[in-house]
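A.B. asks: Have a peek at input_16.pdb (PDB, C-alpha atoms).
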```
ATOM      1  CA  MET P  22     -13.630  27.562   4.858  1.00  0.00           C
ATOM      2  CA  ASN P  23     -10.826  26.946   2.366  1.00  0.00           C
ATOM      3  CA  ALA P  24     -10.384  23.812   0.258  1.00  0.00           C
ATOM      4  CA  LYS P  25      -7.841  22.274   2.616  1.00  0.00           C
ATOM      5  CA  ASN P  26     -10.141  22.626   5.601  1.00  0.00           C
ATOM      6  CA  LEU P  27     -13.094  21.296   3.618  1.00  0.00           C
ATOM      7  CA  ILE P  28     -11.134  18.195   2.585  1.00  0.00           C
ATOM      8  CA  LEU P  29      -9.960  17.612   6.137  1.00  0.00           C
ATOM      9  CA  GLY P  30     -13.472  18.011   7.490  1.00  0.00           C
ATOM     10  CA  LEU P  31     -14.974  15.636   4.958  1.00  0.00           C
ATOM     11  CA  SER P  32     -12.182  13.123   5.544  1.00  0.00           C
ATOM     12  CA  VAL P  33     -12.811  13.040   9.273  1.00  0.00           C
ATOM     13  CA  ALA P  34     -16.525  12.621   8.680  1.00  0.00           C
ATOM     14  CA  ALA P  35     -15.840   9.759   6.317  1.00  0.00           C
ATOM     15  CA  ILE P  36     -13.663   8.059   8.934  1.00  0.00           C
ATOM     16  CA  GLY P  37     -16.554   7.959  11.319  1.00  0.00           C
ATOM     17  CA  LEU P  38     -19.138   6.959   8.783  1.00  0.00           C
ATOM     18  CA  SER P  39     -16.990   4.105   7.500  1.00  0.00           C
ATOM     19  CA  SER P  40     -16.001   2.789  10.919  1.00  0.00           C
ATOM     20  CA  CYS P  41     -17.523  -0.375  12.334  1.00  0.00           C
ATOM     21  CA  CYS P  42     -19.950   1.227  14.761  1.00  0.00           C
ATOM     22  CA  ASN P  43     -23.463  -0.103  15.428  1.00  0.00           C
ATOM     23  CA  THR P  44     -25.651   2.130  13.226  1.00  0.00           C
ATOM     24  CA  SER P  45     -22.926   3.112  10.759  1.00  0.00           C
ATOM     25  CA  THR P  46     -22.445  -0.095   8.796  1.00  0.00           C
ATOM     26  CA  LYS P  47     -24.978   0.760   6.091  1.00  0.00           C
ATOM     27  CA  THR P  48     -23.410   0.691   2.624  1.00  0.00           C
ATOM     28  CA  ASN P  49     -26.477   0.752   0.354  1.00  0.00           C
ATOM     29  CA  VAL P  50     -28.632   3.799  -0.248  1.00  0.00           C
ATOM     30  CA  SER P  51     -31.041   4.864  -2.966  1.00  0.00           C
ATOM     31  CA  LEU P  52     -29.473   7.525  -5.189  1.00  0.00           C
ATOM     32  CA  LYS P  53     -32.534   9.304  -6.557  1.00  0.00           C
ATOM     33  CA  ASN P  54     -30.971  12.515  -7.826  1.00  0.00           C
ATOM     34  CA  GLU P  55     -27.668  14.297  -8.440  1.00  0.00           C
ATOM     35  CA  ALA P  56     -27.452  15.524  -4.856  1.00  0.00           C
ATOM     36  CA  ASP P  57     -27.789  11.958  -3.563  1.00  0.00           C
ATOM     37  CA  THR P  58     -25.106  10.763  -5.967  1.00  0.00           C
ATOM     38  CA  ALA P  59     -22.763  13.622  -5.080  1.00  0.00           C
ATOM     39  CA  SER P  60     -23.254  12.923  -1.373  1.00  0.00           C
ATOM     40  CA  PHE P  61     -22.420   9.246  -1.805  1.00  0.00           C
ATOM     41  CA  TYR P  62     -19.369  10.007  -3.936  1.00  0.00           C
ATOM     42  CA  ILE P  63     -18.081  12.484  -1.343  1.00  0.00           C
ATOM     43  CA  GLY P  64     -18.356   9.850   1.348  1.00  0.00           C
ATOM     44  CA  TYR P  65     -16.811   7.112  -0.764  1.00  0.00           C
ATOM     45  CA  MET P  66     -13.915   9.160  -2.116  1.00  0.00           C
ATOM     46  CA  TYR P  67     -12.850  10.542   1.222  1.00  0.00           C
ATOM     47  CA  GLY P  68     -13.483   7.226   2.935  1.00  0.00           C
ATOM     48  CA  SER P  69     -11.102   5.658   0.415  1.00  0.00           C
ATOM     49  CA  ASN P  70      -8.505   8.350   1.038  1.00  0.00           C
ATOM     50  CA  ILE P  71      -8.400   7.849   4.801  1.00  0.00           C
ATOM     51  CA  THR P  72      -8.589   4.054   5.151  1.00  0.00           C
ATOM     52  CA  GLY P  73      -4.833   3.883   5.544  1.00  0.00           C
ATOM     53  CA  ASN P  74      -4.420   6.670   8.094  1.00  0.00           C
ATOM     54  CA  GLY P  75      -4.342   4.421  11.149  1.00  0.00           C
ATOM     55  CA  ILE P  76      -7.253   6.001  13.032  1.00  0.00           C
ATOM     56  CA  GLU P  77      -9.278   3.209  14.610  1.00  0.00           C
ATOM     57  CA  GLU P  78     -10.801   4.688  17.761  1.00  0.00           C
ATOM     58  CA  ILE P  79     -13.829   6.777  16.777  1.00  0.00           C
ATOM     59  CA  ASN P  80     -16.735   8.105  18.899  1.00  0.00           C
ATOM     60  CA  MET P  81     -19.662   7.923  16.486  1.00  0.00           C
ATOM     61  CA  ASP P  82     -21.888  10.141  18.636  1.00  0.00           C
ATOM     62  CA  ALA P  83     -19.220  12.850  18.585  1.00  0.00           C
ATOM     63  CA  ILE P  84     -18.828  12.507  14.803  1.00  0.00           C
ATOM     64  CA  ILE P  85     -22.568  12.986  14.245  1.00  0.00           C
ATOM     65  CA  ALA P  86     -22.737  15.874  16.719  1.00  0.00           C
ATOM     66  CA  GLY P  87     -19.853  17.607  14.955  1.00  0.00           C
ATOM     67  CA  MET P  88     -21.428  17.168  11.526  1.00  0.00           C
ATOM     68  CA  ASN P  89     -24.799  18.418  12.737  1.00  0.00           C
ATOM     69  CA  SER P  90     -23.183  21.420  14.407  1.00  0.00           C
ATOM     70  CA  ALA P  91     -21.465  22.358  11.141  1.00  0.00           C
ATOM     71  CA  LEU P  92     -24.576  21.813   9.021  1.00  0.00           C
ATOM     72  CA  GLN P  93     -26.673  23.866  11.445  1.00  0.00           C
ATOM     73  CA  LYS P  94     -23.926  26.525  11.669  1.00  0.00           C
ATOM     74  CA  LYS P  95     -23.592  26.256  15.425  1.00  0.00           C
ATOM     75  CA  ASP P  96     -20.497  27.299  17.320  1.00  0.00           C
ATOM     76  CA  ALA P  97     -17.732  24.732  17.800  1.00  0.00           C
ATOM     77  CA  PRO P  98     -15.468  24.415  20.896  1.00  0.00           C
ATOM     78  CA  ALA P  99     -12.489  25.512  18.743  1.00  0.00           C
ATOM     79  CA  ASP P 100     -11.881  27.514  15.580  1.00  0.00           C
ATOM     80  CA  MET P 101     -10.936  25.894  12.283  1.00  0.00           C
ATOM     81  CA  MET P 102      -7.210  26.479  12.712  1.00  0.00           C
ATOM     82  CA  GLN P 103      -7.240  24.867  16.166  1.00  0.00           C
ATOM     83  CA  MET P 104      -9.225  21.900  14.878  1.00  0.00           C
ATOM     84  CA  ASN P 105      -6.857  21.442  11.946  1.00  0.00           C
ATOM     85  CA  MET P 106      -3.808  21.524  14.216  1.00  0.00           C
ATOM     86  CA  PHE P 107      -5.358  19.046  16.631  1.00  0.00           C
ATOM     87  CA  LEU P 108      -6.342  16.633  13.858  1.00  0.00           C
ATOM     88  CA  GLN P 109      -2.931  16.818  12.225  1.00  0.00           C
ATOM     89  CA  LYS P 110      -1.261  15.848  15.513  1.00  0.00           C
ATOM     90  CA  TYR P 111      -3.868  13.165  16.188  1.00  0.00           C
ATOM     91  CA  THR P 112      -3.426  11.652  12.729  1.00  0.00           C
ATOM     92  CA  GLN P 113       0.368  11.711  12.990  1.00  0.00           C
ATOM     93  CA  LYS P 114       0.165   9.914  16.329  1.00  0.00           C
ATOM     94  CA  ALA P 115      -2.180   7.303  14.852  1.00  0.00           C
ATOM     95  CA  MET P 116       0.084   6.815  11.846  1.00  0.00           C
ATOM     96  CA  MET P 117       3.116   6.313  14.077  1.00  0.00           C
ATOM     97  CA  ALA P 118       1.249   3.686  16.079  1.00  0.00           C
ATOM     98  CA  LYS P 119       0.189   1.940  12.879  1.00  0.00           C
ATOM     99  CA  ALA P 120       3.752   2.018  11.549  1.00  0.00           C
ATOM    100  CA  GLU P 121       5.142   0.485  14.754  1.00  0.00           C
ATOM    101  CA  LYS P 122       2.478  -2.228  14.667  1.00  0.00           C
ATOM    102  CA  ALA P 123       3.230  -3.052  11.008  1.00  0.00           C
ATOM    103  CA  LEU P 124       6.986  -3.141  11.638  1.00  0.00           C
ATOM    104  CA  LYS P 125       6.599  -5.604  14.513  1.00  0.00           C
ATOM    105  CA  ALA P 126       4.173  -7.773  12.549  1.00  0.00           C
ATOM    106  CA  GLY P 127       6.561  -7.850   9.597  1.00  0.00           C
ATOM    107  CA  GLU P 128       9.525  -8.839  11.742  1.00  0.00           C
ATOM    108  CA  GLU P 129       7.530 -11.661  13.352  1.00  0.00           C
ATOM    109  CA  PHE P 130       6.291 -12.849   9.945  1.00  0.00           C
ATOM    110  CA  LEU P 131       9.784 -12.941   8.431  1.00  0.00           C
ATOM    111  CA  ALA P 132      11.236 -14.728  11.464  1.00  0.00           C
ATOM    112  CA  ALA P 133       8.639 -17.477  11.132  1.00  0.00           C
ATOM    113  CA  ASN P 134       8.841 -17.550   7.344  1.00  0.00           C
ATOM    114  CA  ALA P 135      12.624 -18.070   7.414  1.00  0.00           C
ATOM    115  CA  LYS P 136      12.085 -21.469   9.047  1.00  0.00           C
ATOM    116  CA  LYS P 137       9.897 -22.804   6.247  1.00  0.00           C
ATOM    117  CA  ASP P 138      11.151 -25.285   3.652  1.00  0.00           C
ATOM    118  CA  GLY P 139      12.613 -23.715   0.527  1.00  0.00           C
ATOM    119  CA  ILE P 140      12.982 -20.212   1.956  1.00  0.00           C
ATOM    120  CA  LYS P 141      16.357 -18.557   1.400  1.00  0.00           C
ATOM    121  CA  THR P 142      17.460 -15.388   3.196  1.00  0.00           C
ATOM    122  CA  THR P 143      19.960 -12.868   1.813  1.00  0.00           C
ATOM    123  CA  GLU P 144      22.390 -10.816   3.895  1.00  0.00           C
ATOM    124  CA  SER P 145      20.014  -7.853   3.667  1.00  0.00           C
ATOM    125  CA  GLY P 146      17.195  -9.885   5.207  1.00  0.00           C
ATOM    126  CA  LEU P 147      15.232 -10.264   1.983  1.00  0.00           C
ATOM    127  CA  GLN P 148      13.728 -13.728   1.609  1.00  0.00           C
ATOM    128  CA  TYR P 149      12.792 -15.704  -1.492  1.00  0.00           C
ATOM    129  CA  LYS P 150      11.533 -19.086  -2.612  1.00  0.00           C
ATOM    130  CA  ILE P 151      12.272 -20.431  -6.090  1.00  0.00           C
ATOM    131  CA  GLU P 152       9.072 -21.690  -7.712  1.00  0.00           C
ATOM    132  CA  LYS P 153      10.632 -22.207 -11.142  1.00  0.00           C
ATOM    133  CA  GLU P 154      14.319 -22.055 -12.064  1.00  0.00           C
ATOM    134  CA  GLY P 155      15.017 -20.220 -15.311  1.00  0.00           C
ATOM    135  CA  THR P 156      17.977 -20.818 -17.613  1.00  0.00           C
ATOM    136  CA  GLY P 157      18.314 -17.414 -19.315  1.00  0.00           C
ATOM    137  CA  ALA P 158      20.513 -14.382 -18.701  1.00  0.00           C
ATOM    138  CA  ILE P 159      20.615 -12.604 -15.343  1.00  0.00           C
ATOM    139  CA  PRO P 160      19.830  -8.859 -15.421  1.00  0.00           C
ATOM    140  CA  ALA P 161      22.205  -6.143 -14.252  1.00  0.00           C
ATOM    141  CA  ASP P 162      20.984  -3.267 -12.110  1.00  0.00           C
ATOM    142  CA  THR P 163      20.890  -1.115 -15.282  1.00  0.00           C
ATOM    143  CA  SER P 164      18.760  -3.596 -17.222  1.00  0.00           C
ATOM    144  CA  VAL P 165      15.200  -2.974 -18.318  1.00  0.00           C
ATOM    145  CA  VAL P 166      13.202  -6.101 -17.507  1.00  0.00           C
ATOM    146  CA  ARG P 167       9.809  -7.490 -18.439  1.00  0.00           C
ATOM    147  CA  VAL P 168       7.953  -9.229 -15.627  1.00  0.00           C
ATOM    148  CA  HIS P 169       4.625 -10.573 -14.486  1.00  0.00           C
ATOM    149  CA  TYR P 170       3.905 -10.129 -10.794  1.00  0.00           C
ATOM    150  CA  LYS P 171       1.364 -10.074  -7.998  1.00  0.00           C
ATOM    151  CA  GLY P 172       1.884  -8.103  -4.782  1.00  0.00           C
ATOM    152  CA  THR P 173       0.227  -8.783  -1.429  1.00  0.00           C
ATOM    153  CA  LEU P 174       0.562  -7.722   2.187  1.00  0.00           C
ATOM    154  CA  ILE P 175       1.374 -10.332   4.832  1.00  0.00           C
ATOM    155  CA  ASP P 176      -2.342 -10.606   5.677  1.00  0.00           C
ATOM    156  CA  GLY P 177      -3.058 -11.687   2.097  1.00  0.00           C
ATOM    157  CA  THR P 178      -4.454  -8.367   0.865  1.00  0.00           C
ATOM    158  CA  GLU P 179      -3.615  -7.971  -2.832  1.00  0.00           C
ATOM    159  CA  PHE P 180      -2.560  -4.435  -3.760  1.00  0.00           C
ATOM    160  CA  ASP P 181      -1.330  -4.866  -7.337  1.00  0.00           C
ATOM    161  CA  SER P 182      -1.182  -7.503 -10.051  1.00  0.00           C
ATOM    162  CA  SER P 183       0.010  -7.392 -13.659  1.00  0.00           C
ATOM    163  CA  ILE P 184      -1.319 -10.944 -13.911  1.00  0.00           C
ATOM    164  CA  LYS P 185      -4.842  -9.766 -13.154  1.00  0.00           C
ATOM    165  CA  ARG P 186      -4.471  -6.947 -15.702  1.00  0.00           C
ATOM    166  CA  GLY P 187      -3.301  -9.504 -18.246  1.00  0.00           C
ATOM    167  CA  GLU P 188      -0.270  -7.489 -19.359  1.00  0.00           C
ATOM    168  CA  PRO P 189       3.404  -7.751 -18.260  1.00  0.00           C
ATOM    169  CA  VAL P 190       5.230  -4.604 -17.204  1.00  0.00           C
ATOM    170  CA  GLU P 191       8.648  -3.258 -18.152  1.00  0.00           C
ATOM    171  CA  PHE P 192      10.887  -1.074 -15.973  1.00  0.00           C
ATOM    172  CA  PRO P 193      14.529  -0.224 -15.302  1.00  0.00           C
ATOM    173  CA  LEU P 194      15.754  -2.411 -12.473  1.00  0.00           C
ATOM    174  CA  ASN P 195      17.488   0.487 -10.730  1.00  0.00           C
ATOM    175  CA  ARG P 196      14.267   2.496 -10.457  1.00  0.00           C
ATOM    176  CA  VAL P 197      12.175   0.195  -8.308  1.00  0.00           C
ATOM    177  CA  ILE P 198      12.194  -0.590  -4.586  1.00  0.00           C
ATOM    178  CA  PRO P 199      15.515  -2.022  -3.316  1.00  0.00           C
ATOM    179  CA  GLY P 200      14.015  -5.442  -2.636  1.00  0.00           C
ATOM    180  CA  TRP P 201      13.089  -5.847  -6.300  1.00  0.00           C
ATOM    181  CA  THR P 202      16.499  -4.663  -7.479  1.00  0.00           C
ATOM    182  CA  THR P 203      18.274  -7.141  -5.189  1.00  0.00           C
ATOM    183  CA  ALA P 204      16.077 -10.120  -6.004  1.00  0.00           C
ATOM    184  CA  LEU P 205      15.880  -9.771  -9.766  1.00  0.00           C
ATOM    185  CA  GLN P 206      19.651  -9.459 -10.106  1.00  0.00           C
ATOM    186  CA  GLN P 207      19.782 -13.067  -8.923  1.00  0.00           C
ATOM    187  CA  MET P 208      17.002 -14.379 -11.197  1.00  0.00           C
ATOM    188  CA  PRO P 209      17.781 -15.942 -14.581  1.00  0.00           C
ATOM    189  CA  VAL P 210      15.212 -15.165 -17.276  1.00  0.00           C
ATOM    190  CA  GLY P 211      12.427 -17.721 -17.090  1.00  0.00           C
ATOM    191  CA  SER P 212      12.509 -17.891 -13.303  1.00  0.00           C
ATOM    192  CA  LYS P 213       9.500 -17.510 -11.061  1.00  0.00           C
ATOM    193  CA  TRP P 214      10.134 -16.587  -7.437  1.00  0.00           C
ATOM    194  CA  GLU P 215       8.130 -15.680  -4.388  1.00  0.00           C
ATOM    195  CA  ILE P 216       9.859 -12.711  -2.754  1.00  0.00           C
ATOM    196  CA  PHE P 217       9.383 -11.522   0.826  1.00  0.00           C
ATOM    197  CA  ILE P 218      10.579  -7.931   1.211  1.00  0.00           C
ATOM    198  CA  PRO P 219      11.217  -6.289   4.618  1.00  0.00           C
ATOM    199  CA  SER P 220       9.783  -2.801   4.958  1.00  0.00           C
ATOM    200  CA  ASP P 221      13.194  -1.112   4.870  1.00  0.00           C
ATOM    201  CA  GLN P 222      13.695  -2.549   1.367  1.00  0.00           C
ATOM    202  CA  ALA P 223      10.167  -1.640   0.284  1.00  0.00           C
ATOM    203  CA  TYR P 224       8.414   1.667   1.009  1.00  0.00           C
ATOM    204  CA  GLY P 225       9.561   2.130   4.607  1.00  0.00           C
ATOM    205  CA  PRO P 226       7.808   4.369   7.152  1.00  0.00           C
ATOM    206  CA  ARG P 227       6.153   6.553   4.497  1.00  0.00           C
ATOM    207  CA  GLY P 228       4.274   3.784   2.692  1.00  0.00           C
ATOM    208  CA  ASN P 229       2.911   4.234  -0.797  1.00  0.00           C
ATOM    209  CA  GLY P 230      -0.773   4.638  -1.622  1.00  0.00           C
ATOM    210  CA  SER P 231      -2.612   1.509  -0.480  1.00  0.00           C
ATOM    211  CA  ILE P 232       0.603   0.223   1.134  1.00  0.00           C
ATOM    212  CA  GLY P 233       0.795   1.499   4.703  1.00  0.00           C
ATOM    213  CA  PRO P 234       3.911   2.544   6.613  1.00  0.00           C
ATOM    214  CA  ASN P 235       6.473  -0.168   7.424  1.00  0.00           C
ATOM    215  CA  GLU P 236       4.601  -2.890   5.550  1.00  0.00           C
ATOM    216  CA  THR P 237       6.419  -6.112   4.684  1.00  0.00           C
ATOM    217  CA  LEU P 238       5.534  -7.067   1.107  1.00  0.00           C
ATOM    218  CA  ILE P 239       5.171 -10.377  -0.704  1.00  0.00           C
ATOM    219  CA  PHE P 240       5.549 -10.650  -4.467  1.00  0.00           C
ATOM    220  CA  GLU P 241       5.128 -13.487  -6.910  1.00  0.00           C
ATOM    221  CA  VAL P 242       7.500 -12.493  -9.725  1.00  0.00           C
ATOM    222  CA  GLU P 243       8.171 -14.151 -13.071  1.00  0.00           C
ATOM    223  CA  LEU P 244      11.100 -12.725 -15.039  1.00  0.00           C
ATOM    224  CA  LEU P 245      10.011 -12.974 -18.670  1.00  0.00           C
ATOM    225  CA  ASP P 246      12.820 -11.152 -20.452  1.00  0.00           C
ATOM    226  CA  ILE P 247      15.588  -8.565 -20.364  1.00  0.00           C
ATOM    227  CA  VAL P 248      14.493  -6.026 -22.955  1.00  0.00           C
ATOM    228  CA  THR P 249      17.577  -3.779 -23.023  1.00  0.00           C
ATOM    229  CA  PRO P 250      19.858  -5.352 -25.681  1.00  0.00           C
ATOM    230  CA  ASP P 251      23.100  -3.824 -24.369  1.00  0.00           C
ATOM    231  CA  ALA P 252      22.385  -5.017 -20.849  1.00  0.00           C
ATOM    232  CA  LYS P 253      21.505  -8.491 -22.070  1.00  0.00           C
ATOM    233  CA  GLU P 254      24.731  -8.771 -24.076  1.00  0.00           C
ATOM    234  CA  ALA P 255      26.749  -7.602 -21.082  1.00  0.00           C
ATOM    235  CA  ASP P 256      25.035 -10.144 -18.841  1.00  0.00           C
ATOM    236  CA  GLN P 257      25.854 -12.988 -21.188  1.00  0.00           C
ATOM    237  CA  LYS P 258      29.579 -12.256 -21.293  1.00  0.00           C
TER     238      LYS P 258
END
```
Spit out the file's structure as structure tokens when you get a sec.
C.D. replies:
Amino acid sequence: MNAKNLILGLSVAAIGLSSCCNTSTKTNVSLKNEADTASFYIGYMYGSNITGNGIEEINMDAIIAGMNSALQKKDAPADMMQMNMFLQKYTQKAMMAKAEKALKAGEEFLAANAKKDGIKTTESGLQYKIEKEGTGAIPADTSVVRVHYKGTLIDGTEFDSSIKRGEPVEFPLNRVIPGWTTALQQMPVGSKWEIFIPSDQAYGPRGNGSIGPNETLIFEVELLDIVTPDAKEADQK
């Protein structure tokens, strides 16, 4: 078995072992030796890697039977290539279903959010609410800005926060997701906004790490400064 097949096999096992099935909810185990620790780490690492793959329907009995068959070197109903091909198609189908579900949920969220007090909607569909109005310069799309932010999904799951890390971040405004570029070009330095970004102005159908496909994103953003002198001078003209 090559490395790719091993990873795929372990990932599928981790899906089953991490799913919410009757006898598979155990999360604590005594790690008495290196083998125990390695086994736990394998499960945790691959479980972490597949949590965003969209697969929700798992037959735990089949998972255990498959693992036991491999460990006992018994014949499988298909060879490794066939299993890989099947799982790739199955995962793609699950990801497409997850993406469609996220897109619909995002559209419904934004439609309801647009009706709330203080919410403004741009022509692109991006929404924002001004928490604090700044009085400084407004960045250009070529500016490098310094910001504090917190990012969450529409269900409240936090996926990133410079505030929690205790350190602002700096980046060129034309090298981030379109929703950020659009919003921050309207924010005077010193402003703090809540930004609601449709998926097509975020990471779209591909997602990004812990952010799944077609996710609508919410950011609390405070624009602290424009750190590119030339851009700041140009903005003030």
A.B. asks: Choose the residue, out of P:Leu238, P:Val210, P:Ile232, P:Leu92, that has the smallest atom-to-atom separation from Lys153 (chain P); count all atoms listed in the file.
C.D. replies: P:Val210
A.B. asks: Work out how far CA of Asn195 (chain P) is from CA of Lys141 (chain P), in Å to one decimal.
C.D. replies: 22.6 Å
A.B. asks: As AutoDock Vina command-line options, please: the centre and edge lengths in Å, to one decimal, of an axis-aligned box enclosing every listed atom of region 171-179 of chain P with 8 Å added on each side.
C.D. replies:
```
--center_x -1.3 --center_y -9.7 --center_z -1.2 --size_x 22.3 --size_y 20.0 --size_z 29.7
```
A.B. asks: Quick check, in Å to one decimal: how far apart do CA of Trp214 (chain P) and CA of Leu147 (chain P) lie?
C.D. replies: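 For CA of Trp214 (chain P) relative to CA of Leu147 (chain P), the distance reads 12.4 Å.
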A.B. asks: Which residues come within 8 Å of Leu194 (chain P), counting only C-alpha atoms, excluding same-chain residues fewer than 5 positions away, as a PyMOL selection string?
C.D. replies: chain P and resi 161-166+201-202+205
A.B. asks: Looking at all atoms listed in the file, which of P:Arg186, P:Thr237, P:Glu243, P:Thr249 is the one that sits closest to Ala132 (chain P)?
C.D. replies: P:Thr237
A.B. asks: Give me the residues within 8 Å of region 123-128 of chain P as a ChimeraX atom specification, counting only C-alpha atoms and dropping any in the same chain fewer than 2 places off.
C.D. replies: /P:119-121,130-132,175,219-220,234-237
A.B. asks: Counting only C-alpha atoms, what is within 12 Å of Gly139 (chain P), bar same-chain residues fewer than 5 positions away, as a list of chain:residue names?
C.D. replies: P:Asn134, P:Gln148, P:Tyr149, P:Lys150, P:Ile151, P:Glu152, P:Lys153, P:Trp214, P:Glu215, P:Ile216
A.B. asks: Kindly give the distance, in Å, that separates CA of Gly211 (chain P) and CA of Glu154 (chain P), rounded to a single decimal.
C.D. replies: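 Computing the Euclidean distance for CA of Gly211 (chain P) and CA of Glu154 (chain P) yields 6.9 Å.
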A.B. asks: Using only C-alpha atoms, which residue out of P:Gly225, P:Gly233, P:Pro160, P:Gly187 lies closest to Thr173 (chain P)?
C.D. replies: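 Smallest distance to Thr173 (chain P) is found for P:Gly233.
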A.B. asks: Between P:Gln103, P:Thr143, P:Gln113, P:Thr156, which is the closest to Pro209 (chain P) once you count only C-alpha atoms?
C.D. replies: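 That would be P:Thr156, the residue with the smallest distance to Pro209 (chain P).
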